[in-house]
Number of protein chains: 2
Amino acid sequence: MAKSSSSKSKSGDTAVSIKDIARAAGVSHSTVSRALRDSPLISPQTRARIRALAEEMGYTPDAIAQSLQAGRTFTVGVVVTSIADPFFADVVDGVESVARPAGLSVFLNASLNDPDQELLVIETFHRRRVDGIILAASRIGTEHVERLAKIRVPIVQVSNQAESDRDFLHSVAVDDRAGARLAVEHLIALGHRHIGYIGVTNRPRSNRRRLLGYQEALRAAGIEPREKWVRTAQLHGVAPEGDVQAGQMLLPTLWEAGITAVFCYNDMVAIGALLACRERAIPVPEACSVVGFDNIALTRYVFPPLTTVHQPKRTMGQIGMKMLLELVEGREVSPKHRVLPPELIVRGSTAPPGR
Amino acid sequence: MAKSSSSKSKSGDTAVSIKDIARAAGVSHSTVSRALRDSPLISPQTRARIRALAEEMGYTPDAIAQSLQAGRTFTVGVVVTSIADPFFADVVDGVESVARPAGLSVFLNASLNDPDQELLVIETFHRRRVDGIILAASRIGTEHVERLAKIRVPIVQVSNQAESDRDFLHSVAVDDRAGARLAVEHLIALGHRHIGYIGVTNRPRSNRRRLLGYQEALRAAGIEPREKWVRTAQLHGVAPEGDVQAGQMLLPTLWEAGITAVFCYNDMVAIGALLACRERAIPVPEACSVVGFDNIALTRYVFPPLTTVHQPKRTMGQIGMKMLLELVEGREVSPKHRVLPPELIVRGSTAPPGR
DNA sequence: GAGCGTACTGCACACGTGTGCAACCATTAT
DNA sequence: ATAATGGTTGCACACGTGTGCAGTACGCTC
């Protein structure tokens, strides 16, 4: 049996098609197609016979041909800035965990945080006729969004970084302002009055919102924000490398400006701040409290464990993919923009001021 | 101009095809096809006219139809155990960095470290007629490898975990034994004589090889390995979560067995060991040295920074993808199995014994 | 002006799958 | 015995692209 099947499959270099099965069974390829798709038009006997034959000949349906005829490919494209970024690794993991059981395969590509590259990748997805696209941390601004509109494909953005609320775009993101407020209110509750913020420029939207939340929390507590408490790193590349350096380089100036606590754009920046404190022998959290954002796995393993604002990264990927599934099926999705609540995670890097 | 093009593209819900262009230009679709592919058969004037028309109508070639006719899809499939695992994130990043410029799109799927799931994903890739497959940390053993052989697709394994050196399989991996020896020799050179090993069961091949290198290094220094110095965690799920717990739970028994240093299967296990030491107030590295494996980004940010064995993860992904490119083009690749040298990275978690 | 060559274009088929419609066969009812 | 009915099956086309081959038109040469 194994011998006969192997000798049969060896007959051609290309895979067996329904035509091959049809020839072997002495029927037309239409009959084979219907038999394999459980059409009621086919008699049970021939169906069984053909299915057995297909099994024996090692038939695997050609998804390319099926896509061409059906007008759907059952694929989605995902664009991230960097695959190695732990934030997006979690998001993609969530996306994949929903897409795979739904029968959709996912194309993954990196944009390297470059809008031109991002458009190029999207163009490739369009050529491949993906059924939908997920853009993570998209930099596509108002100037290029028209090109997206021409592609008649559902698009869901996750943590998008450009301000262009066009009607055909859907999105899921965490409430950055609320998250920042949580972090800063926590520090204020501990007794801090001199609180800094370390930001970045290459994720403009979330950075601005977190800065806004930071300022709101200060004002709500009767503290007037000071310019010298805020430092922003000019970054252009992809995330993980530069972020740590940013925190490491910018903390000292804030420290000299008299802060007793610092809220950082994200966890990697906070790690950099932690390293800077260690270099300068500033005890954390005794002399300086540090708060991050994102709650990546790393935060549990550094010392002291990092107090941070949790983003449900995997869940965001799952929700985004579920929204996309709905859109692909032609259903309306509402609300078009999902904003998830952040959550404060208190660990060891924050304490009352001790200066 | 923008108006005319939008009105034209609005005419149908489906994308414009070369037939639409042909109709608009008053030629046959063959002429359009040739014009767009720069065939010398087409006169420069008609070529220019057709290209302009295609541009104006917003034509994007249908990769599905091209794949069907060409018999190639210009796609590759990548299977990893978990996308969220930082090790594979780096590998996939390397794969993608080679595939994208080469015009190949990559399908990414998770196997969750389950051989059945892995075969299922491979089956999907086969249905989609990918040109090649990359298997990371594959668990496909000798029993299932025959099913792979029937798929006439080039396969490259990265850090494969099953022993089945079949002729059609290519691979790239780091030299686990040499890496383990580097780590243990480093500890011995520091003066340690009581050295433990914490292993895992769900990555059997590399675990066995690292254990072997550990034992070899001990014997080469005249130290007889003791059974109580070796502990192995029974794990089944995906990596990042369990590994830390494994290190955390197994270090104490080794400590009580009198070790002054421990070599861990990988960095996450080592992090767990670090956490256990902190819980028990065992100073690292003064009382207990800790060495990891992989050199993931995390190791630079924990305290103390982790001494570890570097694996060129991104490079491994790139080399694997380059091998696959060669195979896809029909060229022979030699050697079939690339074994890369590891590198010892000395940081702050190792020091002379102080007990 | 006939013959020839060159430059260009269209016809028809291929790739693998799915499906509307017609045709066939067998069984049953009249 | 003939017609009607219902159950199966095949023909032919579609999806979008690429290409071998035949065919057309034109210009050149003898």
# chains A, B, ... in the order shown; residues from 1 in each chain; ligands from 1
>>> select_by_dssp(residues="segment 143-204 of chain A", states="strand (DSSP E or B)", output="list in words")
Ile155, Val156, Gln157, Val158, Leu169, His170, Ser171, Val172, Ala173, Val174, Ile195, Gly196, Tyr197, Ile198, Gly199 and Val200 of chain A
>>> write_last_selection(atoms="N, CA and C atoms", output="CSV table (one decimal), in the first residue's frame")
chain,number,residue,atom,x,y,z
A,155,ILE,N,-9.0,47.2,7.1
A,155,ILE,CA,-7.7,47.4,7.8
A,155,ILE,C,-8.0,47.7,9.3
A,156,VAL,N,-7.3,47.0,10.2
A,156,VAL,CA,-7.4,47.3,11.6
A,156,VAL,C,-6.0,47.8,12.1
A,157,GLN,N,-6.0,48.9,12.8
A,157,GLN,CA,-4.8,49.4,13.4
A,157,GLN,C,-4.7,49.0,14.9
A,158,VAL,N,-3.5,48.6,15.3
A,158,VAL,CA,-3.2,48.3,16.7
A,158,VAL,C,-2.2,49.3,17.2
A,169,LEU,N,-11.1,53.1,8.5
A,169,LEU,CA,-10.1,52.5,9.4
A,169,LEU,C,-10.7,52.1,10.8
A,170,HIS,N,-10.3,50.9,11.2
A,170,HIS,CA,-10.7,50.5,12.6
A,170,HIS,C,-9.5,50.4,13.4
A,171,SER,N,-9.6,50.4,14.7
A,171,SER,CA,-8.4,50.4,15.6
A,171,SER,C,-8.7,49.8,17.0
A,172,VAL,N,-7.6,49.4,17.6
A,172,VAL,CA,-7.7,49.0,19.0
A,172,VAL,C,-6.4,49.5,19.6
A,173,ALA,N,-6.6,50.1,20.8
A,173,ALA,CA,-5.4,50.7,21.5
A,173,ALA,C,-5.8,50.8,23.0
A,174,VAL,N,-4.8,51.0,23.8
A,174,VAL,CA,-5.0,51.2,25.2
A,174,VAL,C,-5.2,52.7,25.4
A,195,ILE,N,8.2,65.1,39.9
A,195,ILE,CA,8.1,63.9,39.1
A,195,ILE,C,8.5,64.2,37.7
A,196,GLY,N,9.4,63.4,37.1
A,196,GLY,CA,9.8,63.7,35.8
A,196,GLY,C,9.2,62.8,34.7
A,197,TYR,N,9.3,63.1,33.5
A,197,TYR,CA,8.8,62.2,32.4
A,197,TYR,C,9.9,62.1,31.3
A,198,ILE,N,10.2,60.9,30.9
A,198,ILE,CA,11.2,60.6,29.8
A,198,ILE,C,10.4,60.1,28.6
A,199,GLY,N,10.4,60.8,27.5
A,199,GLY,CA,9.6,60.4,26.3
A,199,GLY,C,10.5,60.1,25.1
A,200,VAL,N,9.8,59.8,24.0
A,200,VAL,CA,10.5,59.5,22.8
A,200,VAL,C,9.8,60.2,21.6
>>> closest_atom_pairs(of="chain D", to="chain A", cutoff="9 Å", atoms="only C-alpha atoms (C1' of nucleotides)", output="tab-separated table")
residue	atom	partner	partner_atom	distance
D:DG7	C1'	A:Leu41	CA	7.9
D:DT8	C1'	A:Ile42	CA	6.4
D:DT9	C1'	A:Thr31	CA	7.0
D:DG10	C1'	A:Ser28	CA	6.5
D:DA14	C1'	A:Gln69	CA	7.6
D:DC15	C1'	A:Gln69	CA	4.6
D:DG16	C1'	A:Leu68	CA	7.6
>>> residues_around(residues="segment 341-346 of chain A", least_positions_apart="2", cutoff="10 Å", atoms="only C-alpha atoms (C1' of nucleotides)", output="VMD selection string")
chain A and resid 173 to 183 186 291 to 295 305 to 312 338 to 339 348 to 351
>>> atom_distance(atom1="atom CA of Met249 of chain B", atom2="atom CA of Met268 of chain B")
12.7 Å
>>> residues_around(residues="segment 328-332 of chain B", least_positions_apart="2", cutoff="7 Å", atoms="only C-alpha atoms (C1' of nucleotides)", output="list in words")
Asp131, Gly132, Pro154, Leu324, Leu325, Glu326 and Ser334 of chain B
>>> write_last_selection(atoms="all heavy atoms", output="PDB file, in the first residue's frame")
ATOM      1  N   ASP B 131       6.959  27.904  -1.288  1.00  0.00           N
ATOM      2  CA  ASP B 131       8.145  27.443  -2.005  1.00  0.00           C
ATOM      3  C   ASP B 131       9.150  26.781  -1.065  1.00  0.00           C
ATOM      4  O   ASP B 131      10.043  26.064  -1.520  1.00  0.00           O
ATOM      5  CB  ASP B 131       8.818  28.621  -2.729  1.00  0.00           C
ATOM      6  CG  ASP B 131       7.952  29.162  -3.855  1.00  0.00           C
ATOM      7  OD1 ASP B 131       7.083  28.417  -4.325  1.00  0.00           O
ATOM      8  OD2 ASP B 131       8.150  30.329  -4.246  1.00  0.00           O
ATOM      9  N   GLY B 132       9.035  27.047   0.217  1.00  0.00           N
ATOM     10  CA  GLY B 132       9.971  26.473   1.173  1.00  0.00           C
ATOM     11  C   GLY B 132       9.452  26.626   2.586  1.00  0.00           C
ATOM     12  O   GLY B 132       8.526  27.402   2.837  1.00  0.00           O
ATOM     13  N   PRO B 154      11.488  22.198  -0.181  1.00  0.00           N
ATOM     14  CA  PRO B 154      12.721  22.337   0.603  1.00  0.00           C
ATOM     15  C   PRO B 154      12.412  22.724   2.048  1.00  0.00           C
ATOM     16  O   PRO B 154      11.548  23.569   2.295  1.00  0.00           O
ATOM     17  CB  PRO B 154      13.476  23.468  -0.103  1.00  0.00           C
ATOM     18  CG  PRO B 154      12.867  23.596  -1.442  1.00  0.00           C
ATOM     19  CD  PRO B 154      11.458  23.112  -1.330  1.00  0.00           C
ATOM     20  N   LEU B 324      17.619  28.303   2.378  1.00  0.00           N
ATOM     21  CA  LEU B 324      16.320  27.986   1.769  1.00  0.00           C
ATOM     22  C   LEU B 324      16.195  28.650   0.398  1.00  0.00           C
ATOM     23  O   LEU B 324      15.683  28.041  -0.547  1.00  0.00           O
ATOM     24  CB  LEU B 324      15.195  28.455   2.695  1.00  0.00           C
ATOM     25  CG  LEU B 324      13.798  27.935   2.359  1.00  0.00           C
ATOM     26  CD1 LEU B 324      13.800  26.416   2.313  1.00  0.00           C
ATOM     27  CD2 LEU B 324      12.783  28.413   3.379  1.00  0.00           C
ATOM     28  N   LEU B 325      16.705  29.866   0.287  1.00  0.00           N
ATOM     29  CA  LEU B 325      16.681  30.564  -1.007  1.00  0.00           C
ATOM     30  C   LEU B 325      17.410  29.749  -2.063  1.00  0.00           C
ATOM     31  O   LEU B 325      16.906  29.558  -3.173  1.00  0.00           O
ATOM     32  CB  LEU B 325      17.360  31.935  -0.873  1.00  0.00           C
ATOM     33  CG  LEU B 325      16.475  33.120  -0.530  1.00  0.00           C
ATOM     34  CD1 LEU B 325      17.304  34.383  -0.414  1.00  0.00           C
ATOM     35  CD2 LEU B 325      15.413  33.292  -1.607  1.00  0.00           C
ATOM     36  N   GLU B 326      18.581  29.259  -1.710  1.00  0.00           N
ATOM     37  CA  GLU B 326      19.353  28.437  -2.645  1.00  0.00           C
ATOM     38  C   GLU B 326      18.551  27.207  -3.053  1.00  0.00           C
ATOM     39  O   GLU B 326      18.459  26.866  -4.234  1.00  0.00           O
ATOM     40  CB  GLU B 326      20.674  27.996  -2.000  1.00  0.00           C
ATOM     41  CG  GLU B 326      21.630  29.138  -1.698  1.00  0.00           C
ATOM     42  CD  GLU B 326      22.161  29.773  -2.982  1.00  0.00           C
ATOM     43  OE1 GLU B 326      22.575  29.006  -3.871  1.00  0.00           O
ATOM     44  OE2 GLU B 326      22.128  31.014  -3.101  1.00  0.00           O
ATOM     45  N   SER B 334      25.713  23.113   0.293  1.00  0.00           N
ATOM     46  CA  SER B 334      26.606  22.317   1.121  1.00  0.00           C
ATOM     47  C   SER B 334      27.417  23.246   2.007  1.00  0.00           C
ATOM     48  O   SER B 334      27.814  24.333   1.570  1.00  0.00           O
ATOM     49  CB  SER B 334      27.520  21.471   0.255  1.00  0.00           C
ATOM     50  OG  SER B 334      28.570  22.272  -0.271  1.00  0.00           O
TER      51      SER B 334
END
>>> interface_residues(of="chain B", to="chain A", cutoff="6 Å", atoms="only C-alpha atoms", output="PyMOL selection string")
chain B and resi 61-63+83-84+89-90+93+106-107+127-128+302-303
>>> select_by_dssp(residues="segment 22-210 of chain A", states="helix (DSSP H, G or I)", output="MDAnalysis selection string")
chainID A and resid 22:25 29:36 44:57 63:70 86:99 115:127 145:150 176:189 204:210
>>> write_last_selection(atoms="C-alpha atoms", output="mmCIF file, in the first residue's frame")
data_model
loop_
_atom_site.group_PDB
_atom_site.id
_atom_site.type_symbol
_atom_site.label_atom_id
_atom_site.label_comp_id
_atom_site.auth_asym_id
_atom_site.auth_seq_id
_atom_site.Cartn_x
_atom_site.Cartn_y
_atom_site.Cartn_z
ATOM 1 C CA ALA A 22 -10.570 11.983 -12.190
ATOM 2 C CA ARG A 23 -8.475 10.095 -14.713
ATOM 3 C CA ALA A 24 -7.711 7.352 -12.208
ATOM 4 C CA ALA A 25 -11.384 7.043 -11.264
ATOM 5 C CA HIS A 29 -12.879 16.435 -12.642
ATOM 6 C CA SER A 30 -16.185 18.080 -11.764
ATOM 7 C CA THR A 31 -17.327 14.899 -10.097
ATOM 8 C CA VAL A 32 -14.121 14.720 -8.099
ATOM 9 C CA SER A 33 -14.460 18.329 -7.024
ATOM 10 C CA ARG A 34 -18.031 17.761 -5.894
ATOM 11 C CA ALA A 35 -17.202 14.501 -4.148
ATOM 12 C CA LEU A 36 -14.439 16.105 -2.131
ATOM 13 C CA PRO A 44 -22.493 8.008 -1.625
ATOM 14 C CA GLN A 45 -20.672 5.171 -3.372
ATOM 15 C CA THR A 46 -18.750 7.294 -5.842
ATOM 16 C CA ARG A 47 -18.050 9.834 -3.139
ATOM 17 C CA ALA A 48 -16.496 7.150 -0.951
ATOM 18 C CA ARG A 49 -14.569 5.689 -3.852
ATOM 19 C CA ILE A 50 -13.148 9.057 -4.875
ATOM 20 C CA ARG A 51 -12.292 10.087 -1.350
ATOM 21 C CA ALA A 52 -10.384 6.849 -0.838
ATOM 22 C CA LEU A 53 -8.578 7.343 -4.106
ATOM 23 C CA ALA A 54 -7.670 10.908 -3.200
ATOM 24 C CA GLU A 55 -6.328 9.742 0.138
ATOM 25 C CA GLU A 56 -4.306 6.981 -1.498
ATOM 26 C CA MET A 57 -2.827 9.262 -4.127
ATOM 27 C CA ALA A 63 -5.181 26.766 -2.085
ATOM 28 C CA ILE A 64 -3.857 29.030 -4.840
ATOM 29 C CA ALA A 65 -6.329 27.728 -7.390
ATOM 30 C CA GLN A 66 -9.099 27.804 -4.793
ATOM 31 C CA SER A 67 -8.277 31.401 -3.970
ATOM 32 C CA LEU A 68 -8.341 32.399 -7.612
ATOM 33 C CA GLN A 69 -11.733 30.889 -8.182
ATOM 34 C CA ALA A 70 -13.289 31.924 -4.877
ATOM 35 C CA PRO A 86 8.684 42.165 22.789
ATOM 36 C CA PHE A 87 5.590 44.356 22.640
ATOM 37 C CA PHE A 88 4.767 43.373 19.074
ATOM 38 C CA ALA A 89 5.809 39.786 19.624
ATOM 39 C CA ASP A 90 2.935 39.565 22.105
ATOM 40 C CA VAL A 91 0.521 41.369 19.790
ATOM 41 C CA VAL A 92 1.387 39.100 16.868
ATOM 42 C CA ASP A 93 1.049 36.094 19.141
ATOM 43 C CA GLY A 94 -2.499 37.213 19.932
ATOM 44 C CA VAL A 95 -3.304 37.832 16.291
ATOM 45 C CA GLU A 96 -2.036 34.418 15.280
ATOM 46 C CA SER A 97 -3.908 32.673 18.085
ATOM 47 C CA VAL A 98 -7.190 33.921 16.606
ATOM 48 C CA ALA A 99 -6.321 33.696 12.925
ATOM 49 C CA PRO A 115 6.425 54.949 6.593
ATOM 50 C CA ASP A 116 7.727 54.321 3.063
ATOM 51 C CA GLN A 117 8.680 50.770 3.910
ATOM 52 C CA GLU A 118 5.296 50.349 5.556
ATOM 53 C CA LEU A 119 3.496 51.417 2.378
ATOM 54 C CA LEU A 120 5.692 49.062 0.381
ATOM 55 C CA VAL A 121 4.735 46.135 2.583
ATOM 56 C CA ILE A 122 1.059 47.030 2.323
ATOM 57 C CA GLU A 123 1.437 47.159 -1.439
ATOM 58 C CA THR A 124 2.839 43.625 -1.362
ATOM 59 C CA PHE A 125 -0.088 42.467 0.753
ATOM 60 C CA HIS A 126 -2.440 44.004 -1.761
ATOM 61 C CA ARG A 127 -0.711 42.199 -4.627
ATOM 62 C CA VAL A 145 -3.901 57.406 3.943
ATOM 63 C CA GLU A 146 -5.553 58.048 0.578
ATOM 64 C CA ARG A 147 -3.453 55.305 -0.939
ATOM 65 C CA LEU A 148 -4.854 52.933 1.646
ATOM 66 C CA ALA A 149 -8.379 53.921 0.732
ATOM 67 C CA LYS A 150 -7.899 52.717 -2.826
ATOM 68 C CA ASP A 176 -2.595 56.144 27.010
ATOM 69 C CA ARG A 177 -3.727 59.208 28.916
ATOM 70 C CA ALA A 178 -5.540 57.178 31.545
ATOM 71 C CA GLY A 179 -2.519 54.900 31.880
ATOM 72 C CA ALA A 180 -0.176 57.807 32.383
ATOM 73 C CA ARG A 181 -2.524 59.286 34.970
ATOM 74 C CA LEU A 182 -2.609 55.980 36.855
ATOM 75 C CA ALA A 183 1.169 55.913 37.000
ATOM 76 C CA VAL A 184 1.596 59.507 38.106
ATOM 77 C CA GLU A 185 -1.288 59.387 40.591
ATOM 78 C CA HIS A 186 0.411 56.372 42.143
ATOM 79 C CA LEU A 187 3.612 58.377 42.582
ATOM 80 C CA ILE A 188 1.698 61.350 43.974
ATOM 81 C CA ALA A 189 -0.114 59.088 46.420
ATOM 82 C CA PRO A 204 4.552 60.497 18.423
ATOM 83 C CA ARG A 205 0.925 59.775 19.182
ATOM 84 C CA SER A 206 1.209 57.598 22.272
ATOM 85 C CA ASN A 207 4.106 59.712 23.543
ATOM 86 C CA ARG A 208 2.026 62.867 23.330
ATOM 87 C CA ARG A 209 -0.908 61.225 25.072
ATOM 88 C CA ARG A 210 1.198 59.834 27.871
#
>>> interface_residues(of="chain C", to="chain B", cutoff="9 Å", atoms="only C-alpha atoms (C1' of nucleotides)", output="PyMOL selection string")
chain C and resi 7-10+14-16
>>> atom_distance(atom1="atom CA of Ile140 of chain A", atom2="atom CA of Ala162 of chain A")
6.1 Å
>>> residues_around(residues="DT30 of chain C", least_positions_apart="5", cutoff="10 Å", atoms="only C-alpha atoms (C1' of nucleotides)", output="PyMOL selection string")
chain D and resi 2-4
>>> atom_distance(atom1="atom CA of Pro285 of chain A", atom2="atom CA of Arg347 of chain B")
24.1 Å
